[in-house]
Structure formats: structure tokens, C-alpha cells
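Worksheet: one structure, shown below.
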Amino acid sequence: MLLVVPEIEKASAGELIDLIKQAVIAGEGAGYPKGGWKIILQKLKESVEENGGKVSTNTKVDKVIIENGEVKGVTIKDQKIEADKVIVAVPCQQVFSVLDKNKFPVEFVRKAENITPTCGVSIDFAISEPVIDISGMIVSEEPPILGLPTSNLDPTIAPENKQLATFLLVIPAEQFAKRKDMELNNLEKLVYEMFPKLKGKTLWTRKLKLPMVDGAAPLYNQTRKDRIPVKVPIKGLFFAGDSYAAPGGGGDIAWHTARKCVEEICKN
Ligand SMILES: Cc1cc2nc3c(=O)[nH]c(=O)nc-3n(C[C@H](O)[C@H](O)[C@H](O)COP(=O)(O)OP(=O)(O)OC[C@H]3O[C@@H](n4cnc5c(N)ncnc54)[C@H](O)[C@@H]3O)c2cc1C
């Protein structure tokens with residue numbers, strides 16, 4: 001459980017307090033899945049298939065078909081797949097790439113298009129030998145950096161006696177275009193300052209400029225009640241993902257929305 005916000009004075013205190021409450025109830029803080037995220041996706045796929053479903057990856061949905069206020073299915077290239085329930089899981093800012101804007105109220109369109117994501121730059125470091133001996137998360141406030149020596153939590157994700165670590169520097173969305181290159185250099189410099197032993201031990205780095213880290217930055221003006229809910233008044237249409245209305249931040253929001261979708265669908 002984690003709330004990442006570039007400017008603390010714009011953070012939603014309510015969402016933060018609620019997240020702390022959930023963490024206290026759960027008795028756990030942030031965690032990392034053993035084997036990496038692909039294990040979770042693999043298990044999900046297996047579970048769908050065991051229950052008679054089919055998972056198609058690398059398949060772009062072109063349109064969600066809505067007729068007379070009801071979902072009828074989706075189109076993929078020229079193929080129509082009929083369905084009376086569709087969960088749209090693309091970030092809300094891109095939702096009209098698959099939905100017809102004219103079929104939604106002005107308020108829905110405004111919410112979808114105006115949610116600000118969390119942006120940032122990240123660097124993965126592949127290291128020739130373990131030089132970072134911290135097992136938890138590395139956090140700095142100014143600039144806002146999050147670091148995770150991932151292979152300390154799960155050694156199977158790096159070759160034996162090697163280390164893998166990721167660092168993320170968060171940038172306010174409105175400054176991302178201007179600052180991303182500078183902040184990538186800044187992040188690299190700061191990581192080497194934090195861990196001088198890294199110098200000369202880095203085998204390779206992967207540097208990413210990320211216009212979207214979390215779909216909705218947890219700002220005071222885009223709390224869960226300001227975002228699009230999981231269920232809207234179009235029969236059979238649901239929304240899941242980290243930019244929609246649910247508690248938490250980032251992956252936590254996505255998980256809560258997925259769970260809400262299941263609850264809504266099972267109600268009927
Ligand atoms: C570097 C980095 C570190 C992060 N660390 C953390 C962390 O420590 N903890 C945490 O909780 N969160 C973290 N996050 C955020 C987390 O990854 C997201 O919150 C989460 O992935 C959101 O899930 P999602 O399903 O909403 O969206 P996504 O993971 O973005 O999935 C949306 C999917 O929709 C697909 N798609 C889009 N359009 C179409 C279409 N037309 N047809 C078919 N598919 C389509 C996209 O290809 C994509 O796969 C991190 C993100 C980044 C980038």
C-alpha cells in the first residue's frame with residue numbers, strides 16, 4: 001500500500017488517512033510478489049481458463065459496442081465479440097479511444113479527461129554484485145524518490161550474486177515534458193551519491209520516461225469521489241483500473257476497482 005504524490009501540499013489528506021487505516025487493519029505495509037508481477041498475471045490467467053474463460057493478450061479492442069443504453073460487446077479489427085458485460089480497463093484519460101464520447105454525459109467526459117496522472121522517470125540498475133544491503137523501500141522527500149532493491153526481496157529475479165534495483169523520481173504532471181530529461185540525469189546522479197559503491201559495478205541500466213506511473217495522482221481535487229465510478233448507468237458497462245473510483249493509490253486502486261466490478265457483476 002503506497003500513496004505517491006509529487007507535491008505533498010496538494011495531496012489528499014483523506015485518502016492518506018484512509019490508506020494508513022487500511023494498512024493498520026491489514027498489519028502490512030508495501031509488499032512485493034515473489035517471482036515478480038508476472039506470477040500474479042499467470043495465476044489470474046490460469047484461474048480464468050480453469051473456469052472456462054479465454055484470455056487473449058496483445059489484442060487491441062477497437063470499440064465497445066453500446067446500443068440503446070446497453071453494452072452489446074466489443075470489436076477487434078473487423079470481428080465482433082458479443083457480450084452483455086464489458087469491463088473497460090484502459091486508463092480513464094484514454095477511455096474514448098474505445099468508447100463513443102457522444103453516448104456519455106458531459107460530467108462523465110469532464111471527469112475522464114481531466115484526471116491528472118502521476119508522472120516520473122525511473123532507472124533500473126543491474127549490478128554485478130550485491131552492493132545495496134537495504135531490504136525495504138528507499139524513500140527521499142526532496143526530490144521525491146522511491147527506490148527498491150527488488151532482488152533483495154526476491155533473489156530469483158536476478159542471476160545468482162547479482163543485484164537488481166529500481167529507482168523512481170516523481171514529477172508533477174504539468175512539468176513532466178519540460179523536466180523529464182533533466183530529472184533522469186538528476187536521478188542517476190543522486191542514486192550514485194546515495195550508493196557510491198554502485199559506481200563501476202553497474203552492468204546496465206534501463207532508463208524510462210513515464211508520462212503515467214499511477215493513473216490518478218492522489219490529489220485533494222481528485223479523490224475517489226471525483227473519479228469515474230466502477231458502474232455507470234449503461235447496462236453491462238464497468239470500469240476497472242487505477243484512475244477510477246476506489247480507495248488507495250496506484251495498483252491498490254486498480255485491485256479495489258477489480259474487486260468492486262466482481263461484486264457488481266455477481267449482484268445481477
Ligand atoms: C515504474 C513503475 C513503478 C510502479 N510501482 C508501483 C508500486 O510499487 N505499487 C503500486 O501499487 N503501483 C505501482 N505502479 C503503478 C501500477 O503499475 C499501476 O497502478 C497499475 O499497473 C495500474 O493497473 P491498471 O490495470 O489500472 O492499468 P495498466 O497496468 O496501465 O493496464 C492497462 C492496460 O490496458 C491496455 N490497453 C489500453 N488500450 C487498450 C485497448 N484498446 N485494447 C486492449 N488493451 C488496451 C494497455 O496495454 C495496458 O496493458 C508503478 C508503475 C510504474 C510505471
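In the C-alpha cells, chains take letters A, B, ... by order of appearance, with residues numbered from 1 within each chain and ligands from 1 in the order shown.
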Determine, for each residue of range 61-90 of chain A having at least one atom at most 12 Å from an atom of range 244-250 of chain A, the closest pair of atoms and their separation in Å to one decimal, counting only C-alpha atoms; order by chain and ascending number, as a Markdown table.
```
| residue | atom | partner | partner_atom | distance |
| --- | --- | --- | --- | --- |
| A:Val88 | CA | A:Tyr244 | CA | 10.7 |
| A:Ala89 | CA | A:Tyr244 | CA | 9.4 |
| A:Val90 | CA | A:Tyr244 | CA | 10.1 |
```
Kindly provide, as a VMD selection string, all nucleotide and amino acid residues lying within 9 Å of ligand 1, counting only C-alpha atoms and all ligand atoms. chain A and resid 1 to 4 30 to 32 57 to 63 76 88 to 91 94 to 95 97 to 98 119 to 123 146 148 166 to 168 208 210 to 216 240 to 244 248 to 255 257 to 258
Given only C-alpha atoms as the basis, pick out the residue of A:Ile127, A:Pro218, A:Phe176, A:Glu263 nearest to Thr202 in chain A.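 Once distances to Thr202 in chain A are computed over only C-alpha atoms, the minimum belongs to A:Ile127.
Nearest residue to Asn68 in chain A among A:Arg259, A:Lys54, A:Lys101, A:Lys235 is A:Lys235, counting only C-alpha atoms.
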Which of these, A:Pro117, A:Pro130, A:Pro155, A:Pro33, has the shortest distance to Ile171 in chain A once you count only C-alpha atoms? A:Pro117
So which residues touch range 5-10 of chain A within 6 Å, counting only C-alpha atoms, skipping near sequence neighbours fewer than 3 positions away, as a list in words?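 The contact residues come out as Val170, Ile171, Pro172, Leu219 and Tyr220 of chain A.
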For the selection just defined, write its residues with N, CA, C and O atoms to a file, as a PDB file, in the first residue's frame.
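What landed in result36.pdb:
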```
ATOM      1  N   VAL A 170       9.514  11.169  -8.926  1.00  0.00           N
ATOM      2  CA  VAL A 170       8.171  11.615  -9.302  1.00  0.00           C
ATOM      3  C   VAL A 170       8.210  13.092  -9.713  1.00  0.00           C
ATOM      4  O   VAL A 170       8.866  13.911  -9.064  1.00  0.00           O
ATOM      5  N   ILE A 171       7.494  13.404 -10.810  1.00  0.00           N
ATOM      6  CA  ILE A 171       7.477  14.779 -11.347  1.00  0.00           C
ATOM      7  C   ILE A 171       6.017  15.223 -11.476  1.00  0.00           C
ATOM      8  O   ILE A 171       5.189  14.451 -11.966  1.00  0.00           O
ATOM      9  N   PRO A 172       5.673  16.459 -11.079  1.00  0.00           N
ATOM     10  CA  PRO A 172       4.289  16.921 -11.291  1.00  0.00           C
ATOM     11  C   PRO A 172       3.932  16.860 -12.783  1.00  0.00           C
ATOM     12  O   PRO A 172       4.759  17.211 -13.639  1.00  0.00           O
ATOM     13  N   LEU A 219      -4.453  13.542  -5.482  1.00  0.00           N
ATOM     14  CA  LEU A 219      -4.508  14.965  -5.146  1.00  0.00           C
ATOM     15  C   LEU A 219      -5.823  15.292  -4.446  1.00  0.00           C
ATOM     16  O   LEU A 219      -6.810  14.562  -4.578  1.00  0.00           O
ATOM     17  N   TYR A 220      -5.841  16.431  -3.732  1.00  0.00           N
ATOM     18  CA  TYR A 220      -7.038  16.812  -2.972  1.00  0.00           C
ATOM     19  C   TYR A 220      -8.262  16.989  -3.876  1.00  0.00           C
ATOM     20  O   TYR A 220      -9.391  16.821  -3.437  1.00  0.00           O
TER      21      TYR A 220
END
```
